[in-house]
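One structure is given below, encoded as structure tokens.
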Amino acid sequence: MTIALPGPAPRPRPLPADEPLSPEDYRRVVGVVEAVDRAADLAEFRERLVTALRTWFGYRGVTVLHGDTAADAVVNGCGVLAGYSAEFLASYDAEGWVGEDPFRAEDFLRRLPEAGVLRLTDVAAGSRFLDQFLQPRGIADKAAMLVDAGPSGVLWVGLAMPGGQGAGEV
């Protein structure tokens, strides 16, 4: 008889011992999954994911970008940005902060797939971008993760945490 699933059984990624999820967090995760489950296409999936993260987790600034790779998604910016003011986005481009964004750096984009989730304070604490651009505008931290979109590439998901919301609340 042929075995359908050969090899050792995969084990789920362990949760950090000091960061167990509460029952409320599990329900939020299920809420997000249910929100995107029946999306008809990638564009609808992106929109639903943004809405779900804002609704279930309370994030105001959410970015879901699509591309063949993480770098492609971030550089070409095909996707959805929600919750950011027009003034904030304009200053990001016009004042040259886009060039100092650690989330766009080659090293960061190379590390992201293996890390799962990376926070700006973990990779660029004390950076000019964080200290002089984000924090004065009310963003204490940012987090990013990749979602495998199969043959469509990847989704780069970014979350902004306002001052007062801990970056650990990703």
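Quick note on naming: the chains in the structure tokens go A, B, ... in the order shown, residues restart at 1 in each chain, and ligands are numbered from 1 in order of appearance.
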
Using only C-alpha atoms, which residues sit within 12 Å of A:Val32 once same-chain residues fewer than 4 positions away are excluded, as a short mmCIF file (atom, residue, chain, number, x, y, z; two decimals) with all heavy atoms, in the first residue's frame?
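Okay, result.cif is ready:
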data_model
loop_
_atom_site.label_atom_id
_atom_site.label_comp_id
_atom_site.auth_asym_id
_atom_site.auth_seq_id
_atom_site.Cartn_x
_atom_site.Cartn_y
_atom_site.Cartn_z
N ASP A 25 -7.55 36.47 21.57
CA ASP A 25 -6.68 36.55 20.40
C ASP A 25 -6.96 35.42 19.42
O ASP A 25 -6.96 35.62 18.21
CB ASP A 25 -5.20 36.52 20.82
CG ASP A 25 -4.75 37.82 21.45
OD1 ASP A 25 -5.38 38.87 21.18
OD2 ASP A 25 -3.77 37.80 22.22
N TYR A 26 -7.20 34.22 19.93
CA TYR A 26 -7.55 33.11 19.04
C TYR A 26 -8.83 33.43 18.27
O TYR A 26 -8.94 33.17 17.08
CB TYR A 26 -7.72 31.81 19.82
CG TYR A 26 -6.42 31.16 20.17
CD1 TYR A 26 -5.97 31.12 21.48
CD2 TYR A 26 -5.62 30.58 19.19
CE1 TYR A 26 -4.76 30.52 21.81
CE2 TYR A 26 -4.42 29.98 19.50
CZ TYR A 26 -4.00 29.95 20.82
OH TYR A 26 -2.80 29.37 21.12
N ARG A 27 -9.81 34.01 18.94
CA ARG A 27 -11.06 34.36 18.27
C ARG A 27 -10.81 35.43 17.20
O ARG A 27 -11.41 35.39 16.13
CB ARG A 27 -12.11 34.85 19.29
CG ARG A 27 -13.40 35.28 18.66
CD ARG A 27 -14.08 34.11 17.90
NE ARG A 27 -15.17 34.60 17.10
CZ ARG A 27 -15.23 34.50 15.76
NH1 ARG A 27 -14.29 33.91 15.08
NH2 ARG A 27 -16.26 34.98 15.11
N ARG A 28 -9.95 36.37 17.49
CA ARG A 28 -9.61 37.40 16.50
C ARG A 28 -8.97 36.77 15.26
O ARG A 28 -9.29 37.12 14.14
CB ARG A 28 -8.67 38.43 17.11
CG ARG A 28 -9.36 39.36 18.09
CD ARG A 28 -8.37 40.40 18.62
NE ARG A 28 -9.04 41.23 19.57
CZ ARG A 28 -8.90 41.14 20.90
NH1 ARG A 28 -8.07 40.25 21.42
NH2 ARG A 28 -9.56 41.94 21.71
N VAL A 36 -11.56 36.48 5.20
CA VAL A 36 -10.89 36.36 3.90
C VAL A 36 -11.18 35.05 3.19
O VAL A 36 -10.87 34.88 2.01
CB VAL A 36 -9.35 36.52 4.04
CG1 VAL A 36 -9.01 37.88 4.62
CG2 VAL A 36 -8.73 35.40 4.86
N ASP A 37 -11.81 34.13 3.88
CA ASP A 37 -12.01 32.77 3.38
C ASP A 37 -12.71 32.68 2.03
O ASP A 37 -12.37 31.85 1.21
CB ASP A 37 -12.78 31.96 4.43
CG ASP A 37 -12.92 30.51 4.05
OD1 ASP A 37 -11.91 29.93 3.59
OD2 ASP A 37 -14.02 29.96 4.19
N ARG A 38 -13.65 33.51 1.78
CA ARG A 38 -14.44 33.41 0.55
C ARG A 38 -14.15 34.53 -0.45
O ARG A 38 -15.00 34.82 -1.30
CB ARG A 38 -15.92 33.38 0.91
CG ARG A 38 -16.29 32.09 1.64
CD ARG A 38 -17.77 31.83 1.61
NE ARG A 38 -18.03 30.48 2.03
CZ ARG A 38 -18.31 30.10 3.26
NH1 ARG A 38 -18.33 31.00 4.21
NH2 ARG A 38 -18.56 28.84 3.55
N ALA A 39 -12.99 35.09 -0.36
CA ALA A 39 -12.62 36.14 -1.32
C ALA A 39 -12.56 35.52 -2.72
O ALA A 39 -12.01 34.44 -2.91
CB ALA A 39 -11.27 36.75 -0.95
N PHE A 45 -9.28 39.62 -1.66
CA PHE A 45 -8.58 39.10 -0.49
C PHE A 45 -7.84 40.22 0.22
O PHE A 45 -7.91 40.35 1.44
CB PHE A 45 -7.62 37.98 -0.90
CG PHE A 45 -6.89 37.36 0.26
CD1 PHE A 45 -7.42 36.25 0.91
CD2 PHE A 45 -5.69 37.87 0.71
CE1 PHE A 45 -6.77 35.68 1.99
CE2 PHE A 45 -5.02 37.31 1.78
CZ PHE A 45 -5.55 36.20 2.43
N ARG A 46 -7.11 41.05 -0.55
CA ARG A 46 -6.36 42.16 0.05
C ARG A 46 -7.30 43.10 0.80
O ARG A 46 -7.02 43.51 1.93
CB ARG A 46 -5.60 42.94 -1.02
CG ARG A 46 -4.45 42.21 -1.62
CD ARG A 46 -3.63 43.09 -2.54
NE ARG A 46 -4.41 43.83 -3.50
CZ ARG A 46 -4.23 43.80 -4.82
NH1 ARG A 46 -3.27 43.06 -5.33
NH2 ARG A 46 -4.97 44.52 -5.61
N GLU A 47 -8.41 43.47 0.15
CA GLU A 47 -9.37 44.39 0.77
C GLU A 47 -9.95 43.78 2.05
O GLU A 47 -10.06 44.45 3.08
CB GLU A 47 -10.50 44.72 -0.20
CG GLU A 47 -10.08 45.57 -1.38
CD GLU A 47 -9.86 47.03 -1.01
OE1 GLU A 47 -10.31 47.46 0.08
OE2 GLU A 47 -9.23 47.73 -1.82
N ARG A 48 -10.34 42.51 1.97
CA ARG A 48 -10.92 41.85 3.14
C ARG A 48 -9.92 41.72 4.28
O ARG A 48 -10.27 41.84 5.44
CB ARG A 48 -11.46 40.47 2.76
CG ARG A 48 -12.74 40.52 1.97
CD ARG A 48 -13.16 39.11 1.56
NE ARG A 48 -14.44 39.10 0.90
CZ ARG A 48 -15.47 38.35 1.30
NH1 ARG A 48 -15.34 37.55 2.33
NH2 ARG A 48 -16.60 38.39 0.65
N LEU A 49 -8.66 41.44 3.92
CA LEU A 49 -7.63 41.31 4.96
C LEU A 49 -7.42 42.63 5.68
O LEU A 49 -7.33 42.67 6.91
CB LEU A 49 -6.32 40.81 4.35
CG LEU A 49 -5.17 40.58 5.32
CD1 LEU A 49 -5.56 39.60 6.43
CD2 LEU A 49 -3.94 40.09 4.57
N VAL A 50 -7.34 43.72 4.94
CA VAL A 50 -7.19 45.03 5.57
C VAL A 50 -8.35 45.31 6.51
O VAL A 50 -8.16 45.70 7.66
CB VAL A 50 -7.08 46.15 4.49
CG1 VAL A 50 -7.26 47.52 5.11
CG2 VAL A 50 -5.74 46.07 3.78
N THR A 51 -9.56 45.10 6.03
CA THR A 51 -10.75 45.35 6.85
C THR A 51 -10.75 44.46 8.08
O THR A 51 -11.05 44.92 9.20
CB THR A 51 -12.03 45.13 6.02
OG1 THR A 51 -11.99 46.03 4.90
CG2 THR A 51 -13.27 45.37 6.84
N ALA A 52 -10.40 43.19 7.93
CA ALA A 52 -10.41 42.26 9.05
C ALA A 52 -9.37 42.64 10.10
O ALA A 52 -9.65 42.59 11.31
CB ALA A 52 -10.17 40.84 8.56
N LEU A 53 -8.17 43.01 9.68
CA LEU A 53 -7.14 43.40 10.65
C LEU A 53 -7.53 44.67 11.39
O LEU A 53 -7.26 44.81 12.58
CB LEU A 53 -5.80 43.58 9.94
CG LEU A 53 -5.15 42.28 9.45
CD1 LEU A 53 -3.96 42.58 8.55
CD2 LEU A 53 -4.75 41.40 10.62
N ARG A 54 -8.19 45.56 10.69
CA ARG A 54 -8.64 46.79 11.35
C ARG A 54 -9.81 46.48 12.30
O ARG A 54 -9.86 47.00 13.41
CB ARG A 54 -9.06 47.83 10.31
CG ARG A 54 -7.85 48.28 9.47
CD ARG A 54 -8.20 49.34 8.48
NE ARG A 54 -8.18 50.60 9.21
CZ ARG A 54 -8.79 51.69 8.82
NH1 ARG A 54 -9.49 51.70 7.71
NH2 ARG A 54 -8.71 52.80 9.53
N THR A 55 -10.72 45.62 11.88
CA THR A 55 -11.90 45.31 12.67
C THR A 55 -11.58 44.43 13.87
O THR A 55 -11.97 44.72 15.00
CB THR A 55 -12.96 44.61 11.80
OG1 THR A 55 -13.30 45.46 10.71
CG2 THR A 55 -14.20 44.26 12.59
N TRP A 56 -10.88 43.32 13.64
CA TRP A 56 -10.65 42.34 14.69
C TRP A 56 -9.51 42.70 15.64
O TRP A 56 -9.53 42.33 16.81
CB TRP A 56 -10.41 40.96 14.09
CG TRP A 56 -11.68 40.33 13.61
CD1 TRP A 56 -12.13 40.26 12.33
CD2 TRP A 56 -12.68 39.72 14.42
NE1 TRP A 56 -13.35 39.64 12.29
CE2 TRP A 56 -13.71 39.29 13.57
CE3 TRP A 56 -12.81 39.49 15.79
CZ2 TRP A 56 -14.85 38.65 14.02
CZ3 TRP A 56 -13.94 38.85 16.25
CH2 TRP A 56 -14.95 38.43 15.38
N PHE A 57 -8.49 43.39 15.13
CA PHE A 57 -7.35 43.72 15.98
C PHE A 57 -7.24 45.20 16.30
O PHE A 57 -6.43 45.60 17.13
CB PHE A 57 -6.04 43.22 15.35
CG PHE A 57 -5.86 41.73 15.49
CD1 PHE A 57 -6.28 40.87 14.49
CD2 PHE A 57 -5.28 41.19 16.62
CE1 PHE A 57 -6.13 39.50 14.62
CE2 PHE A 57 -5.12 39.83 16.76
CZ PHE A 57 -5.55 38.98 15.76
N GLY A 58 -8.01 46.03 15.62
CA GLY A 58 -8.02 47.45 15.92
C GLY A 58 -6.87 48.25 15.34
O GLY A 58 -6.66 49.39 15.75
#

Spatial neighbours of A:Asn76, max dist 12 Å, only C-alpha atoms, sep filter under 5 positions, as a PyMOL selection string: chain A and resi 65-71+104+156

DSSP strand (DSSP E or B) residues within stretch 7-170 of chain A, as an NGL selection string: :A and (61-67 or 78-82 or 117-119 or 139-148 or 154-162)

Distance criterion (only C-alpha atoms): nearest to A:Leu81 out of A:Leu118, A:Val98, A:Val33, A:Val62: A:Val62

Among the residues A:Asp101, A:Glu19, A:Glu34, A:Asp41, the one that comes closest to A:Ser127 [using only C-alpha atoms]: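 Residue with the minimum atom-to-atom distance to A:Ser127: A:Asp101.
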
Distance criterion (only C-alpha atoms): nearest to A:Met161 out of A:Ala17, A:Val30, A:Met145, A:Leu134: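 The answer is A:Leu134, which sits nearest to A:Met161.
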
Atom CA of A:Tyr84 to atom CA of A:Val29, straight-line distance in Å: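 Between atom CA of A:Val29 and atom CA of A:Tyr84 the gap works out to 23.1 Å.
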
DSSP-assigned helix (DSSP H, G or I) among chain A, expressed as number ranges by chain: A: 23-36, 42-57, 70-76, 86-94, 97-100, 102-104, 106-115, 120-124, 128-137, 150-152, 167-169

8 Å contact set for A:Val123, only C-alpha atoms, chain neighbours under 3 positions out, as number ranges by chain: A: 102, 108, 118-120

Nearest residue to A:Val157 from the set A:Gly31, A:Pro23, A:Gly77, A:Gly96 (distances using only C-alpha atoms):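 That would be A:Gly77, the residue with the smallest distance to A:Val157.
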